[in-house]
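**Q** Got a structure for you, written out below as C-alpha cells; questions coming shortly.
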Amino acid sequence: MSSAPENPEKIYVCRCEEVTLDEIDEWIERGYDTVEELKRILRVGMGPCQGRGCQDILMREIAKKTGKPISEIAPATVRPPVKPIKIGLLADGGEE
Amino acid sequence: MDWKTTAEVVIVGGGIIGVSTAYYLAKEGVQDIVLVEKGTICGGSTGRCGAGIRAQWGTEMNCRLGIAALDIFEQLDRELRMSVGLNQGGYLLVAYNDKEVETLRNGMLLQNSLGIRSKMITLSEAREICPGLAADDAIGFFFHARDGHADPFLTTFAYLEAAKRLGVTCYRNTECTGILVHENVVQGIRTNRGIISAPIVINCAGPYAQIIARMAGIEIPNWAERHEIMITEPVAPGVCPCMLMSFSGNYYIQQRPHGSIICGMSPAGHPEDFENKASWQFLEAMSKTLVRLLPRTKGIRVARQWSGMYDMTPDAQPVIGETDVKNFYHSTGYSGHGFMLAPVAGKILAQHITGKTPDIDFSMLDYRRFSRGEHIRESNVV
C-alpha cells in the first residue's frame, strides 16, 4: 500500500529555496506585498536560479491577492552574475 | 491603511535601527508610534549587510554595546516569537603584521576587562575552528566564540511584527520630506503623503540620516560609503563555520547556517555615493582572496553580488541621542555595524526617551563630540 504524501496541499513556488505558496500567502496577508520584501523574508527567488523559475508566479500571486494589475507589481532587482560562476574561474581572471 | 495625522513618536527609517527602536519604545509603554519608510522594509543597508554579530571591538563603548547586543540576540527568538537565524560560530580575527597583533591584543585585553571572553589562539587552533584555512602568512589569531551570525532580514521583520503586535503603525513607500520645528522644538514630520504631528521624532535613516538631520537644521558629519559583497550557492556546512575576518587583510567571510558563503571587503577608494553598484573588479578581487584563504572554495559558484551603504562617522562609532532641536533624536552612524548593535541601540534609546536609566550610558555618543574633538577612532573595522 502506498502511503499518502506528507502534505498533499504543499505547493512549492521557489524550488531552489523550497518556499511554498502557503508561506507566501501568509506574508502577503501580513501586509508585505512586494517582491523585494517577500524575497527577504522567505528567500523566494534567492537561490542559484535567481528567481527565474518563480518570480513570475510570485508576481501573479501578489497581483491576485492585492487586486492590483500585474503591471504595477515591481520585480526584484536583477543582480550579477547572470549565471552562477565558480570562484576558481573568477580568481583566475584578469591580469596578475 | 488609514493615514494617522498625529503620533506620540515618529520614527524615520524602516531598517533594523528603526524597527528595533519602535519595538522597545512600544515595549516601554509608548502607545502611539508611527514608523515611516521611503521604500520597502529592510530595503536599504540592513538588507545588504554582512550579517555578522560580534563583541570584539577596539573601543570601550563599542565593546559594551557589542556584548549587550549578543546577550539580547541569544534570547531574541523567544522574545520576538520568530527565528532570527542566530548561529554563533565565533569571529576569528586574523593579523598579518606586528602592529595589528598589538592593536588586536589591546582590544582583547579591553574586551576581557568588560567580560568578553575573547582570546588569542595559535594557527593550529585556528585551523580547528576553520578547517582548511590557509593563513601561513598570518602571525596572530583572535577568537570570540559568542560572535557569529544572525539573519538581518528575519531579525528586521521579527522586530517589526512584534512591534505591530504592540500597536506600532508602519507606513511603507512613505518618504520623509521635512522635519517640522517650531522655536527649536520638533513638531512632527512632512511626508510625500501628508503631515504627521508628533512631539518626538527619531532619525533612523542610516546612510541618509545626515539628509534627514539637515531638514531640521542639524549638521552631523556622517557620510554614506559604498561597500560590495557577494554570496555563493548553498553548500554543505563546514567550509567557513566562523566569521573569518582581517582588517589589514581586508576581508570577512562566513558560511551561513543556510549553507551559502557570504563575503566582502572594503572598497578601493571608499566611494562616497548612493549608487548601489556592483563591479566585476570586486568579484575578481574577492574570489582571489577566497581561493588564497580557503582553497577548497574554488569549485563553489557565486550566486549573487550587490553593494550597500555604511553610514559612516569620523570615529566609526554611532550617533545616539537628542539634538540641538528638542525632542529630535538620532540613532545613526553605525559605520557598518548597525545590524549587530541594533538590539541594544533600540533598547537604550527607548529607555532614555521614556525617562528610565539606560542599561548603558551612551551620553558620549552625542553628535557634538565631533565638534568638541572628543572622538576616538574605532580600529576594528573592515
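Identifiers in this document derive from the order of the C-alpha cells: chains are assigned A, B, ..., residues are numbered from 1 separately in each chain, and ligands are numbered from 1 in order of occurrence.
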With 7 Å as the limit and counting only C-alpha atoms, what residues in chain B lie close to chain A? Please list them as a list in words.
**A** Thr40, Ile41, Phe153, Leu154, Glu233, Glu284, Ser287, Lys288, Val291, Thr297, Lys298, Gly299, Ile300, Arg301, Val302, Ala303, Arg304, Gln305 and Trp306 of chain B
**Q** Residues as selected, C-alpha atoms, written as a PDB file, in the first residue's frame, can you do that?
**A**
```
ATOM      1  CA  THR B  40      10.226  48.733   1.447  1.00  0.00           C
ATOM      2  CA  ILE B  41      11.121  47.219   4.815  1.00  0.00           C
ATOM      3  CA  PHE B 153      16.107  40.033   7.097  1.00  0.00           C
ATOM      4  CA  LEU B 154      14.487  37.778   9.674  1.00  0.00           C
ATOM      5  CA  GLU B 233      25.234  28.926  -3.721  1.00  0.00           C
ATOM      6  CA  GLU B 284      37.545  39.070  -9.079  1.00  0.00           C
ATOM      7  CA  SER B 287      37.420  35.468  -5.449  1.00  0.00           C
ATOM      8  CA  LYS B 288      41.243  35.693  -5.348  1.00  0.00           C
ATOM      9  CA  VAL B 291      40.914  30.903  -3.106  1.00  0.00           C
ATOM     10  CA  THR B 297      36.091  27.181  -2.228  1.00  0.00           C
ATOM     11  CA  LYS B 298      37.333  27.308  -5.828  1.00  0.00           C
ATOM     12  CA  GLY B 299      34.669  24.905  -7.066  1.00  0.00           C
ATOM     13  CA  ILE B 300      31.805  26.751  -5.330  1.00  0.00           C
ATOM     14  CA  ARG B 301      29.732  29.069  -7.504  1.00  0.00           C
ATOM     15  CA  VAL B 302      28.989  32.733  -6.793  1.00  0.00           C
ATOM     16  CA  ALA B 303      25.217  33.216  -6.918  1.00  0.00           C
ATOM     17  CA  ARG B 304      24.913  36.953  -6.468  1.00  0.00           C
ATOM     18  CA  GLN B 305      26.768  40.194  -5.757  1.00  0.00           C
ATOM     19  CA  TRP B 306      25.490  43.562  -4.600  1.00  0.00           C
TER      20      TRP B 306
END
```
**Q** Pull the closest atom pair for each residue of segment 75-170 of chain B that gets at most 9 Å from segment 1-15 of chain B, along with the distance in Å to one decimal, counting only C-alpha atoms, ordering rows by chain and then ascending residue number, as a Markdown table.
**A**
```
| residue | atom | partner | partner_atom | distance |
| --- | --- | --- | --- | --- |
| B:Thr156 | CA | B:Gly15 | CA | 6.9 |
| B:Leu160 | CA | B:Gly14 | CA | 8.8 |
| B:Thr169 | CA | B:Lys4 | CA | 8.8 |
| B:Cys170 | CA | B:Gly14 | CA | 8.4 |
```
**Q** Got a sec: who's within 8 Å of Leu58 of chain A, counting only C-alpha atoms, leaving out chain neighbours fewer than 4 positions off, as a PyMOL selection string?
**A** chain A and resi 13+35+54+62
**Q** Go ahead and write the residues just picked, N, CA and C atoms, as an mmCIF file, in the first residue's frame.
**A**
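Result saved to selection_30.cif:
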```cif
data_model
loop_
_atom_site.group_PDB
_atom_site.id
_atom_site.type_symbol
_atom_site.label_atom_id
_atom_site.label_comp_id
_atom_site.auth_asym_id
_atom_site.auth_seq_id
_atom_site.Cartn_x
_atom_site.Cartn_y
_atom_site.Cartn_z
ATOM 1 N N VAL A 13 6.609 27.113 -4.749
ATOM 2 C CA VAL A 13 6.741 28.177 -5.737
ATOM 3 C C VAL A 13 8.218 28.332 -6.108
ATOM 4 N N VAL A 35 7.696 42.093 -4.061
ATOM 5 C CA VAL A 35 8.658 41.020 -4.337
ATOM 6 C C VAL A 35 9.889 41.194 -3.453
ATOM 7 N N CYS A 54 10.604 31.256 -10.438
ATOM 8 C CA CYS A 54 9.485 31.559 -9.541
ATOM 9 C C CYS A 54 9.007 33.004 -9.548
ATOM 10 N N ILE A 62 0.984 37.968 -5.962
ATOM 11 C CA ILE A 62 0.813 39.285 -5.324
ATOM 12 C C ILE A 62 -0.334 40.040 -6.002
#
```
**Q** Assign secondary structure with DSSP using the backbone only, and return the residues of chain A in strand (DSSP E) as a CSV table (one decimal) with N, CA and C atoms, in the first residue's frame.
**A**
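states.csv, freshly written:
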```csv
chain,number,residue,atom,x,y,z
A,12,TYR,N,5.1,24.1,-4.0
A,12,TYR,CA,6.3,24.8,-4.0
A,12,TYR,C,6.4,25.9,-5.1
A,13,VAL,N,6.6,27.1,-4.7
A,13,VAL,CA,6.7,28.2,-5.7
A,13,VAL,C,8.2,28.3,-6.1
A,14,CYS,N,9.1,28.4,-5.1
A,14,CYS,CA,10.5,28.5,-5.3
A,14,CYS,C,11.2,27.2,-5.0
A,19,VAL,N,10.2,27.3,-1.0
A,19,VAL,CA,9.2,28.2,-0.4
A,19,VAL,C,7.9,27.8,-1.0
A,20,THR,N,6.9,27.7,-0.1
A,20,THR,CA,5.6,27.2,-0.5
A,20,THR,C,4.6,28.4,-0.7
A,85,ILE,N,28.8,31.5,-11.2
A,85,ILE,CA,30.2,31.3,-11.7
A,85,ILE,C,31.1,30.7,-10.6
A,86,LYS,N,31.9,29.8,-11.0
A,86,LYS,CA,32.8,29.2,-10.0
A,86,LYS,C,33.9,30.2,-9.5
```
**Q** Mind checking which residues fall within 8 Å of Ile129 of chain B, counting only C-alpha atoms, ignoring those fewer than 3 positions away in the same chain, and posting them as number ranges by chain?
**A** B: 125-126, 241-242
**Q** Calculate how many Å separate atom CA of Thr289 of chain B from atom CA of Ser266 of chain B, rounding to one decimal.
**A**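 Those two atoms sit 12.4 Å apart.
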**Q** If you count only C-alpha atoms, which residues fall within 12 Å of Met243 of chain B, apart from same-chain ones fewer than 4 positions away, as a compact mmCIF listing (two decimals) with C-alpha atoms, in the first residue's frame?
**A**
```
# COMPACT_ATOMS: atom_id res chain seq x y z
CA GLY B 50 27.29 41.08 6.00
CA ALA B 51 25.08 39.55 8.72
CA GLY B 52 27.85 39.29 11.31
CA ILE B 53 27.43 39.94 15.02
CA ARG B 54 30.38 40.45 17.35
CA GLN B 56 35.44 42.03 19.55
CA ASN B 87 24.37 30.95 14.59
CA GLN B 88 27.29 31.54 16.95
CA GLY B 89 30.30 30.13 15.14
CA GLY B 90 32.55 32.85 16.54
CA TYR B 91 34.64 35.55 14.86
CA LEU B 92 38.21 34.62 14.01
CA LEU B 93 40.29 37.78 13.55
CA VAL B 94 43.49 37.35 11.55
CA ALA B 126 42.53 28.48 14.19
CA ILE B 129 37.85 26.31 14.18
CA CYS B 130 38.13 26.95 10.45
CA PHE B 142 41.98 36.16 17.99
CA PHE B 143 38.70 34.39 18.65
CA HIS B 144 35.44 35.01 20.49
CA ALA B 145 33.06 32.06 20.49
CA ARG B 146 29.83 34.00 21.12
CA ASP B 147 30.25 36.13 17.99
CA GLY B 148 28.78 34.88 14.75
CA HIS B 149 25.79 35.38 12.51
CA ALA B 150 22.12 36.33 12.62
CA GLY B 238 31.99 23.32 7.49
CA VAL B 239 33.58 25.41 4.72
CA TYR B 251 38.16 40.59 4.14
CA TYR B 252 35.31 38.99 6.00
CA ILE B 253 33.97 35.55 5.10
CA GLN B 254 31.34 33.41 6.80
CA GLN B 255 29.20 30.44 5.88
CA ARG B 256 25.58 30.98 6.84
CA PRO B 257 23.63 28.17 8.56
CA ILE B 261 29.03 31.71 1.99
CA ILE B 262 28.77 35.49 2.34
CA CYS B 263 31.88 37.61 1.98
CA GLY B 264 33.05 41.14 1.41
```
**Q** Fewer than 6 positions away in the same chain doesn't count, so skip those; otherwise give me all residues within 10 Å of segment 267-279 of chain B, counting only C-alpha atoms, as a count of residues only.
**A** 26
**Q** Just the number, please: distance in Å from atom CA of Ser248 of chain B to atom CA of Ile67 of chain B, one decimal.
**A**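 Between atom CA of Ser248 of chain B and atom CA of Ile67 of chain B the gap works out to 23.8 Å.
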